[in-house]
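A short write-up of the structure that comes next.
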Amino acid sequence: MKKYVDPSESPRKVPSHEITYCRLRDMILFGQLAPGQPVTIQGLTATLEAGMTPVREAIRKLTAEGALELQGNRRVSVPELTVSQLDEIAFARLTIEPKLAQMATNHLRANDIGALARIDAEIDQAIAAGDVQRYLRGNFQFHFALYERAGAPILLSIAQMLWLRFGPSLRVVCGRYGTANLPDRHGEALAAMRAGDATQLAAALEGDIAQGIEQVRLSLPSSKI
């Protein structure tokens, strides 16, 4: 998976096939496509306002990343998580993401921490307003703005793919229970960043991730093994 790009914010002219990929990726990542709900390829071309070729290419890439699965009759869907799959994702996220945070610590500058604090303030506003989409986008931006400072592109790519598999199920939890109890240990993380404490930063991220994973776990039918 490519580094996160918001085409509207890119200083360069973004090719149409990349824009289509980014838009479809965001639909998955932020829960606009519900797990298990089939959608037609033709319907996606209309939603994305894109041609059939770039949509098919985006589907091909996202299928390879495990974020989509092909159905019959020219349909695709976001895979539904099983408990065993969640266990694997949990192990990988809790191993990789705290390490990225730890690695990022020595590369963070005051302006980086200030930008992360502003994102966190927007997340707090989203939680207070019950704005699920704004929360999901802000939460993703906070984590990956931090992780990108680690200078570890292989680990970063793995983390992005894990979020693509996990994000739709977190969106289901948000839709079911609202934003009141969503994971947000970012205040602890920011305090650790300001102190330059890599161990505490990794611990704060680990707690944040674990909280989200347990909320998704409770939402999965135990029969899905």
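Each chain of the structure tokens is named A, B, ... in the order shown, its residues numbered from 1; ligands are numbered from 1 in display order.
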What are the nearest atom pairs, with distances in Å to one decimal, for all residues of region 136-225 of chain A that come at most 12 Å from region 28-49 of chain A, using only C-alpha atoms, set out by chain and rising residue number as JSON lines?
```
{"residue": "A:Leu136", "atom": "CA", "partner": "A:Phe30", "partner_atom": "CA", "distance": 6.0}
{"residue": "A:Arg137", "atom": "CA", "partner": "A:Phe30", "partner_atom": "CA", "distance": 6.8}
{"residue": "A:Gly138", "atom": "CA", "partner": "A:Phe30", "partner_atom": "CA", "distance": 10.3}
{"residue": "A:Asn139", "atom": "CA", "partner": "A:Phe30", "partner_atom": "CA", "distance": 10.2}
{"residue": "A:Phe140", "atom": "CA", "partner": "A:Leu29", "partner_atom": "CA", "distance": 8.9}
{"residue": "A:Gln141", "atom": "CA", "partner": "A:Phe30", "partner_atom": "CA", "distance": 11.6}
{"residue": "A:Gln160", "atom": "CA", "partner": "A:Leu29", "partner_atom": "CA", "distance": 9.7}
{"residue": "A:Met161", "atom": "CA", "partner": "A:Leu29", "partner_atom": "CA", "distance": 9.8}
{"residue": "A:Leu162", "atom": "CA", "partner": "A:Leu29", "partner_atom": "CA", "distance": 10.2}
{"residue": "A:Trp163", "atom": "CA", "partner": "A:Leu29", "partner_atom": "CA", "distance": 7.0}
{"residue": "A:Leu164", "atom": "CA", "partner": "A:Leu29", "partner_atom": "CA", "distance": 5.2}
{"residue": "A:Arg165", "atom": "CA", "partner": "A:Leu29", "partner_atom": "CA", "distance": 7.9}
{"residue": "A:Phe166", "atom": "CA", "partner": "A:Leu29", "partner_atom": "CA", "distance": 8.0}
{"residue": "A:Gly167", "atom": "CA", "partner": "A:Leu29", "partner_atom": "CA", "distance": 5.1}
{"residue": "A:Pro168", "atom": "CA", "partner": "A:Gly31", "partner_atom": "CA", "distance": 4.5}
{"residue": "A:Ser169", "atom": "CA", "partner": "A:Pro35", "partner_atom": "CA", "distance": 7.0}
{"residue": "A:Leu170", "atom": "CA", "partner": "A:Gly31", "partner_atom": "CA", "distance": 7.9}
{"residue": "A:Arg171", "atom": "CA", "partner": "A:Gly31", "partner_atom": "CA", "distance": 5.1}
{"residue": "A:Val172", "atom": "CA", "partner": "A:Gly31", "partner_atom": "CA", "distance": 7.4}
{"residue": "A:Val173", "atom": "CA", "partner": "A:Gly31", "partner_atom": "CA", "distance": 10.3}
{"residue": "A:Cys174", "atom": "CA", "partner": "A:Gly31", "partner_atom": "CA", "distance": 9.6}
{"residue": "A:Gly175", "atom": "CA", "partner": "A:Gly31", "partner_atom": "CA", "distance": 9.6}
{"residue": "A:Leu220", "atom": "CA", "partner": "A:Pro35", "partner_atom": "CA", "distance": 11.6}
```
Atoms to include: N, CA and C atoms. Write the selected residues as a tab-separated table (two decimals), in the first residue's frame.
```
chain	number	residue	atom	x	y	z
A	136	LEU	N	-12.83	8.88	12.63
A	136	LEU	CA	-12.04	7.85	11.96
A	136	LEU	C	-10.92	8.46	11.13
A	137	ARG	N	-11.22	9.53	10.42
A	137	ARG	CA	-10.19	10.18	9.62
A	137	ARG	C	-9.11	10.81	10.51
A	138	GLY	N	-9.54	11.49	11.56
A	138	GLY	CA	-8.58	12.11	12.46
A	138	GLY	C	-7.71	11.09	13.16
A	139	ASN	N	-8.31	9.99	13.58
A	139	ASN	CA	-7.56	8.94	14.27
A	139	ASN	C	-6.49	8.35	13.35
A	140	PHE	N	-6.87	8.11	12.10
A	140	PHE	CA	-5.90	7.60	11.13
A	140	PHE	C	-4.78	8.61	10.91
A	141	GLN	N	-5.15	9.86	10.73
A	141	GLN	CA	-4.14	10.90	10.47
A	141	GLN	C	-3.18	11.04	11.64
A	160	GLN	N	-0.21	0.11	7.41
A	160	GLN	CA	-1.29	0.63	6.58
A	160	GLN	C	-2.21	-0.49	6.11
A	161	MET	N	-1.64	-1.61	5.71
A	161	MET	CA	-2.47	-2.73	5.26
A	161	MET	C	-3.29	-3.31	6.41
A	162	LEU	N	-2.72	-3.34	7.61
A	162	LEU	CA	-3.46	-3.82	8.77
A	162	LEU	C	-4.66	-2.91	9.06
A	163	TRP	N	-4.47	-1.60	8.91
A	163	TRP	CA	-5.58	-0.67	9.13
A	163	TRP	C	-6.68	-0.86	8.09
A	164	LEU	N	-6.32	-1.19	6.87
A	164	LEU	CA	-7.33	-1.43	5.84
A	164	LEU	C	-8.20	-2.64	6.20
A	165	ARG	N	-7.62	-3.63	6.85
A	165	ARG	CA	-8.37	-4.81	7.25
A	165	ARG	C	-9.19	-4.56	8.52
A	166	PHE	N	-8.70	-3.65	9.35
A	166	PHE	CA	-9.32	-3.42	10.65
A	166	PHE	C	-10.36	-2.30	10.63
A	167	GLY	N	-10.09	-1.25	9.85
A	167	GLY	CA	-10.91	-0.05	9.86
A	167	GLY	C	-12.40	-0.26	9.65
A	168	PRO	N	-12.82	-1.08	8.67
A	168	PRO	CA	-14.26	-1.25	8.45
A	168	PRO	C	-14.99	-1.82	9.66
A	169	SER	N	-14.34	-2.71	10.41
A	169	SER	CA	-14.98	-3.27	11.60
A	169	SER	C	-15.07	-2.25	12.72
A	170	LEU	N	-14.07	-1.36	12.83
A	170	LEU	CA	-14.16	-0.28	13.82
A	170	LEU	C	-15.31	0.65	13.47
A	171	ARG	N	-15.54	0.86	12.18
A	171	ARG	CA	-16.66	1.71	11.76
A	171	ARG	C	-17.99	1.08	12.17
A	172	VAL	N	-18.08	-0.24	12.11
A	172	VAL	CA	-19.30	-0.93	12.55
A	172	VAL	C	-19.53	-0.67	14.04
A	173	VAL	N	-18.47	-0.74	14.83
A	173	VAL	CA	-18.57	-0.48	16.27
A	173	VAL	C	-19.05	0.95	16.52
A	174	CYS	N	-18.48	1.90	15.77
A	174	CYS	CA	-18.88	3.30	15.92
A	174	CYS	C	-20.36	3.48	15.61
A	175	GLY	N	-20.80	2.85	14.53
A	175	GLY	CA	-22.20	2.98	14.14
A	175	GLY	C	-23.14	2.36	15.15
A	220	LEU	N	-17.87	-8.91	17.43
A	220	LEU	CA	-17.86	-10.04	16.49
A	220	LEU	C	-18.62	-11.22	17.08
```
Legend entry - Every residue of region 39-153 of chain A that DSSP places in helix (DSSP H, G or I), as a PyMOL selection string: chain A and resi 41-48+52-64+83-107+110-129+132-150+153
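You will find CA of Thr199 (chain A) at 25.5 Å from CA of Leu86 (chain A).
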Legend entry - Using only C-alpha atoms: which of A:Met52, A:Ile158, A:Ala191, A:Val216 has the shortest distance to Arg176 (chain A):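 Of the candidates, the smallest distance to Arg176 (chain A) is held by A:Val216.
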Inset, instruction - Write out as an MDAnalysis selection string which residues come within 12 Å of Met193 (chain A) when counting only C-alpha atoms, dropping same-chain ones fewer than 2 positions away. - result: chainID A and resid 101:114 116:117 146 186:191 195:205
Selection file, N, CA, C and O atoms, as a compact mmCIF listing (two decimals), in the first residue's frame:
```
# COMPACT_ATOMS: atom_id res chain seq x y z
N ALA A 101 6.12 3.97 16.75
CA ALA A 101 6.05 5.15 17.62
C ALA A 101 7.37 5.35 18.35
O ALA A 101 7.88 6.48 18.45
N GLN A 102 7.93 4.27 18.85
CA GLN A 102 9.21 4.35 19.55
C GLN A 102 10.31 4.87 18.63
O GLN A 102 11.10 5.74 19.01
N MET A 103 10.33 4.37 17.40
CA MET A 103 11.34 4.79 16.43
C MET A 103 11.17 6.25 16.03
O MET A 103 12.13 6.93 15.67
N ALA A 104 9.93 6.72 16.07
CA ALA A 104 9.66 8.10 15.65
C ALA A 104 10.11 9.14 16.67
O ALA A 104 10.34 10.30 16.31
N THR A 105 10.26 8.73 17.92
CA THR A 105 10.46 9.68 19.01
C THR A 105 11.61 10.66 18.76
O THR A 105 11.45 11.88 18.90
N ASN A 106 12.75 10.14 18.37
CA ASN A 106 13.93 11.00 18.21
C ASN A 106 13.86 11.88 16.96
O ASN A 106 14.71 12.76 16.78
N HIS A 107 12.87 11.63 16.10
CA HIS A 107 12.75 12.42 14.86
C HIS A 107 11.68 13.50 14.96
O HIS A 107 11.50 14.28 14.03
N LEU A 108 10.96 13.51 16.08
CA LEU A 108 9.87 14.48 16.24
C LEU A 108 10.43 15.85 16.62
O LEU A 108 11.26 15.97 17.52
N ARG A 109 9.94 16.87 15.93
CA ARG A 109 10.29 18.25 16.23
C ARG A 109 9.07 18.95 16.82
O ARG A 109 7.96 18.44 16.80
N ALA A 110 9.28 20.14 17.34
CA ALA A 110 8.18 20.87 17.98
C ALA A 110 7.01 21.07 17.02
O ALA A 110 5.84 20.96 17.43
N ASN A 111 7.31 21.36 15.74
CA ASN A 111 6.21 21.57 14.79
C ASN A 111 5.44 20.29 14.51
O ASN A 111 4.23 20.31 14.27
N ASP A 112 6.14 19.13 14.55
CA ASP A 112 5.45 17.84 14.39
C ASP A 112 4.48 17.61 15.53
O ASP A 112 3.33 17.21 15.32
N ILE A 113 4.96 17.83 16.74
CA ILE A 113 4.12 17.61 17.92
C ILE A 113 2.95 18.59 17.92
O ILE A 113 1.81 18.23 18.27
N GLY A 114 3.20 19.83 17.50
CA GLY A 114 2.12 20.80 17.40
C GLY A 114 1.05 20.37 16.40
O GLY A 114 -0.15 20.50 16.67
N LEU A 116 0.37 17.26 15.51
CA LEU A 116 -0.33 16.13 16.11
C LEU A 116 -1.32 16.59 17.17
O LEU A 116 -2.42 16.04 17.29
N ALA A 117 -0.95 17.60 17.94
CA ALA A 117 -1.86 18.14 18.96
C ALA A 117 -3.10 18.75 18.31
O ALA A 117 -4.22 18.61 18.83
N LEU A 146 2.41 10.31 12.95
CA LEU A 146 3.46 9.88 13.88
C LEU A 146 4.34 8.80 13.27
O LEU A 146 5.58 8.91 13.26
N HIS A 186 -4.46 9.52 23.07
CA HIS A 186 -3.54 10.43 22.39
C HIS A 186 -2.97 11.48 23.34
O HIS A 186 -1.85 11.96 23.11
N GLY A 187 -3.71 11.85 24.38
CA GLY A 187 -3.18 12.80 25.34
C GLY A 187 -1.93 12.26 26.01
O GLY A 187 -0.93 12.98 26.18
N GLU A 188 -1.97 10.98 26.39
CA GLU A 188 -0.80 10.34 26.98
C GLU A 188 0.35 10.29 25.98
O GLU A 188 1.52 10.51 26.33
N ALA A 189 0.01 10.01 24.74
CA ALA A 189 1.04 9.94 23.69
C ALA A 189 1.71 11.29 23.49
O ALA A 189 2.94 11.37 23.37
N LEU A 190 0.91 12.35 23.46
CA LEU A 190 1.47 13.68 23.27
C LEU A 190 2.37 14.08 24.43
O LEU A 190 3.43 14.69 24.24
N ALA A 191 1.98 13.73 25.65
CA ALA A 191 2.82 14.04 26.81
C ALA A 191 4.16 13.32 26.70
O ALA A 191 5.22 13.90 27.02
N ALA A 195 8.01 14.90 26.28
CA ALA A 195 9.08 14.51 27.20
C ALA A 195 10.20 13.76 26.49
O ALA A 195 11.23 13.49 27.11
N GLY A 196 9.99 13.42 25.22
CA GLY A 196 10.99 12.64 24.49
C GLY A 196 11.14 11.24 25.04
O GLY A 196 12.22 10.62 24.93
N ASP A 197 10.05 10.68 25.60
CA ASP A 197 10.09 9.37 26.25
C ASP A 197 9.55 8.30 25.30
O ASP A 197 8.32 8.12 25.18
N ALA A 198 10.45 7.60 24.64
CA ALA A 198 10.06 6.61 23.64
C ALA A 198 9.28 5.45 24.26
O ALA A 198 8.33 4.93 23.67
N THR A 199 9.69 5.03 25.46
CA THR A 199 9.03 3.90 26.12
C THR A 199 7.59 4.23 26.47
O THR A 199 6.67 3.44 26.22
N GLN A 200 7.36 5.41 27.02
CA GLN A 200 6.00 5.82 27.36
C GLN A 200 5.15 6.07 26.13
O GLN A 200 3.95 5.79 26.12
N LEU A 201 5.77 6.57 25.08
CA LEU A 201 5.02 6.78 23.84
C LEU A 201 4.56 5.45 23.27
O LEU A 201 3.40 5.29 22.86
N ALA A 202 5.44 4.47 23.24
CA ALA A 202 5.06 3.14 22.75
C ALA A 202 3.95 2.54 23.61
O ALA A 202 3.00 1.94 23.10
N ALA A 203 4.03 2.74 24.94
CA ALA A 203 3.02 2.20 25.84
C ALA A 203 1.66 2.87 25.61
O ALA A 203 0.61 2.20 25.64
N ALA A 204 1.67 4.18 25.38
CA ALA A 204 0.41 4.88 25.13
C ALA A 204 -0.25 4.40 23.84
O ALA A 204 -1.46 4.19 23.79
N LEU A 205 0.56 4.20 22.81
CA LEU A 205 0.01 3.70 21.54
C LEU A 205 -0.50 2.27 21.70
O LEU A 205 -1.54 1.90 21.15
```
Inset, instruction - Enumerate, as a list in words, the complete set of residues in region 18-183 of chain A that a backbone-based DSSP assignment places in strand (DSSP E). - result: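 Across region 18-183 of chain A, those assigned strand (DSSP E) are Val39, Thr40, Glu69, Leu70, Gln71, Arg75, Val76 and Ser77 of chain A.
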Take the residues from that selection and put them in a file with all heavy atoms, as a PDB file, in the first residue's frame.
```pdb
ATOM      1  N   VAL A  39     -20.991  -4.891  -3.444  1.00  0.00           N
ATOM      2  CA  VAL A  39     -21.289  -3.748  -4.301  1.00  0.00           C
ATOM      3  C   VAL A  39     -20.835  -4.086  -5.712  1.00  0.00           C
ATOM      4  O   VAL A  39     -19.863  -4.824  -5.903  1.00  0.00           O
ATOM      5  CB  VAL A  39     -20.584  -2.460  -3.814  1.00  0.00           C
ATOM      6  CG1 VAL A  39     -21.150  -2.012  -2.490  1.00  0.00           C
ATOM      7  CG2 VAL A  39     -19.085  -2.663  -3.698  1.00  0.00           C
ATOM      8  N   THR A  40     -21.542  -3.561  -6.678  1.00  0.00           N
ATOM      9  CA  THR A  40     -21.179  -3.848  -8.061  1.00  0.00           C
ATOM     10  C   THR A  40     -20.029  -2.945  -8.504  1.00  0.00           C
ATOM     11  O   THR A  40     -19.887  -1.820  -8.021  1.00  0.00           O
ATOM     12  CB  THR A  40     -22.365  -3.636  -9.004  1.00  0.00           C
ATOM     13  OG1 THR A  40     -22.725  -2.250  -9.010  1.00  0.00           O
ATOM     14  CG2 THR A  40     -23.560  -4.480  -8.589  1.00  0.00           C
ATOM     15  N   GLU A  69     -12.588  -8.419  -1.509  1.00  0.00           N
ATOM     16  CA  GLU A  69     -12.614  -9.767  -2.069  1.00  0.00           C
ATOM     17  C   GLU A  69     -13.638  -9.801  -3.202  1.00  0.00           C
ATOM     18  O   GLU A  69     -14.672  -9.134  -3.140  1.00  0.00           O
ATOM     19  CB  GLU A  69     -12.920 -10.817  -1.005  1.00  0.00           C
ATOM     20  CG  GLU A  69     -14.207 -10.622  -0.258  1.00  0.00           C
ATOM     21  CD  GLU A  69     -14.372 -11.620   0.877  1.00  0.00           C
ATOM     22  OE1 GLU A  69     -13.387 -12.318   1.193  1.00  0.00           O
ATOM     23  OE2 GLU A  69     -15.480 -11.691   1.451  1.00  0.00           O
ATOM     24  N   LEU A  70     -13.309 -10.534  -4.239  1.00  0.00           N
ATOM     25  CA  LEU A  70     -14.176 -10.628  -5.405  1.00  0.00           C
ATOM     26  C   LEU A  70     -15.340 -11.558  -5.129  1.00  0.00           C
ATOM     27  O   LEU A  70     -15.181 -12.631  -4.551  1.00  0.00           O
ATOM     28  CB  LEU A  70     -13.373 -11.128  -6.609  1.00  0.00           C
ATOM     29  CG  LEU A  70     -12.225 -10.215  -7.078  1.00  0.00           C
ATOM     30  CD1 LEU A  70     -11.424 -10.905  -8.177  1.00  0.00           C
ATOM     31  CD2 LEU A  70     -12.766  -8.880  -7.577  1.00  0.00           C
ATOM     32  N   GLN A  71     -16.531 -11.138  -5.572  1.00  0.00           N
ATOM     33  CA  GLN A  71     -17.733 -11.963  -5.503  1.00  0.00           C
ATOM     34  C   GLN A  71     -18.137 -12.305  -6.939  1.00  0.00           C
ATOM     35  O   GLN A  71     -17.495 -11.894  -7.898  1.00  0.00           O
ATOM     36  CB  GLN A  71     -18.860 -11.192  -4.802  1.00  0.00           C
ATOM     37  CG  GLN A  71     -18.503 -10.658  -3.443  1.00  0.00           C
ATOM     38  CD  GLN A  71     -18.380 -11.738  -2.393  1.00  0.00           C
ATOM     39  OE1 GLN A  71     -18.876 -12.846  -2.569  1.00  0.00           O
ATOM     40  NE2 GLN A  71     -17.702 -11.422  -1.298  1.00  0.00           N
ATOM     41  N   ARG A  75     -19.161  -8.309  -8.663  1.00  0.00           N
ATOM     42  CA  ARG A  75     -19.343  -7.658  -7.378  1.00  0.00           C
ATOM     43  C   ARG A  75     -18.100  -7.860  -6.519  1.00  0.00           C
ATOM     44  O   ARG A  75     -17.360  -8.834  -6.683  1.00  0.00           O
ATOM     45  CB  ARG A  75     -20.572  -8.226  -6.634  1.00  0.00           C
ATOM     46  CG  ARG A  75     -21.887  -7.932  -7.336  1.00  0.00           C
ATOM     47  CD  ARG A  75     -23.047  -8.666  -6.664  1.00  0.00           C
ATOM     48  NE  ARG A  75     -24.279  -8.457  -7.387  1.00  0.00           N
ATOM     49  CZ  ARG A  75     -25.152  -7.498  -7.131  1.00  0.00           C
ATOM     50  NH1 ARG A  75     -24.933  -6.656  -6.122  1.00  0.00           N
ATOM     51  NH2 ARG A  75     -26.247  -7.367  -7.841  1.00  0.00           N
ATOM     52  N   VAL A  76     -17.899  -6.923  -5.606  1.00  0.00           N
ATOM     53  CA  VAL A  76     -16.823  -7.044  -4.626  1.00  0.00           C
ATOM     54  C   VAL A  76     -17.394  -6.714  -3.258  1.00  0.00           C
ATOM     55  O   VAL A  76     -18.469  -6.111  -3.139  1.00  0.00           O
ATOM     56  CB  VAL A  76     -15.643  -6.089  -4.935  1.00  0.00           C
ATOM     57  CG1 VAL A  76     -14.984  -6.461  -6.252  1.00  0.00           C
ATOM     58  CG2 VAL A  76     -16.090  -4.630  -4.932  1.00  0.00           C
ATOM     59  N   SER A  77     -16.668  -7.096  -2.217  1.00  0.00           N
ATOM     60  CA  SER A  77     -17.097  -6.739  -0.865  1.00  0.00           C
ATOM     61  C   SER A  77     -15.881  -6.615   0.034  1.00  0.00           C
ATOM     62  O   SER A  77     -14.800  -7.133  -0.267  1.00  0.00           O
ATOM     63  CB  SER A  77     -18.065  -7.787  -0.296  1.00  0.00           C
ATOM     64  OG  SER A  77     -17.392  -9.016  -0.092  1.00  0.00           O
TER      65      SER A  77
END
```
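For the pair CA of Lys99 (chain A) and CA of Gln211 (chain A), the interatomic distance is 17.4 Å.
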Inset, instruction - Would you work out the distance separating CA of Glu80 (chain A) from CA of Arg23 (chain A), expressed in Å to one decimal? - result: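 Result for CA of Glu80 (chain A) versus CA of Arg23 (chain A): 20.5 Å, one decimal.
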Legend entry - Counting only C-alpha atoms, the residue of A:Leu218, A:Val132, A:Leu156, A:Ala50 that sits nearest Thr20 (chain A): A:Ala50
Inset, instruction - Identify, on the basis of only C-alpha atoms, every residue whose closest approach to Arg134 (chain A) does not exceed 9 Å; exclude the query and any residue fewer than 5 positions from it along the same chain; express the result as an NGL selection string. - result: :A and (122-123 or 125-127 or 139)
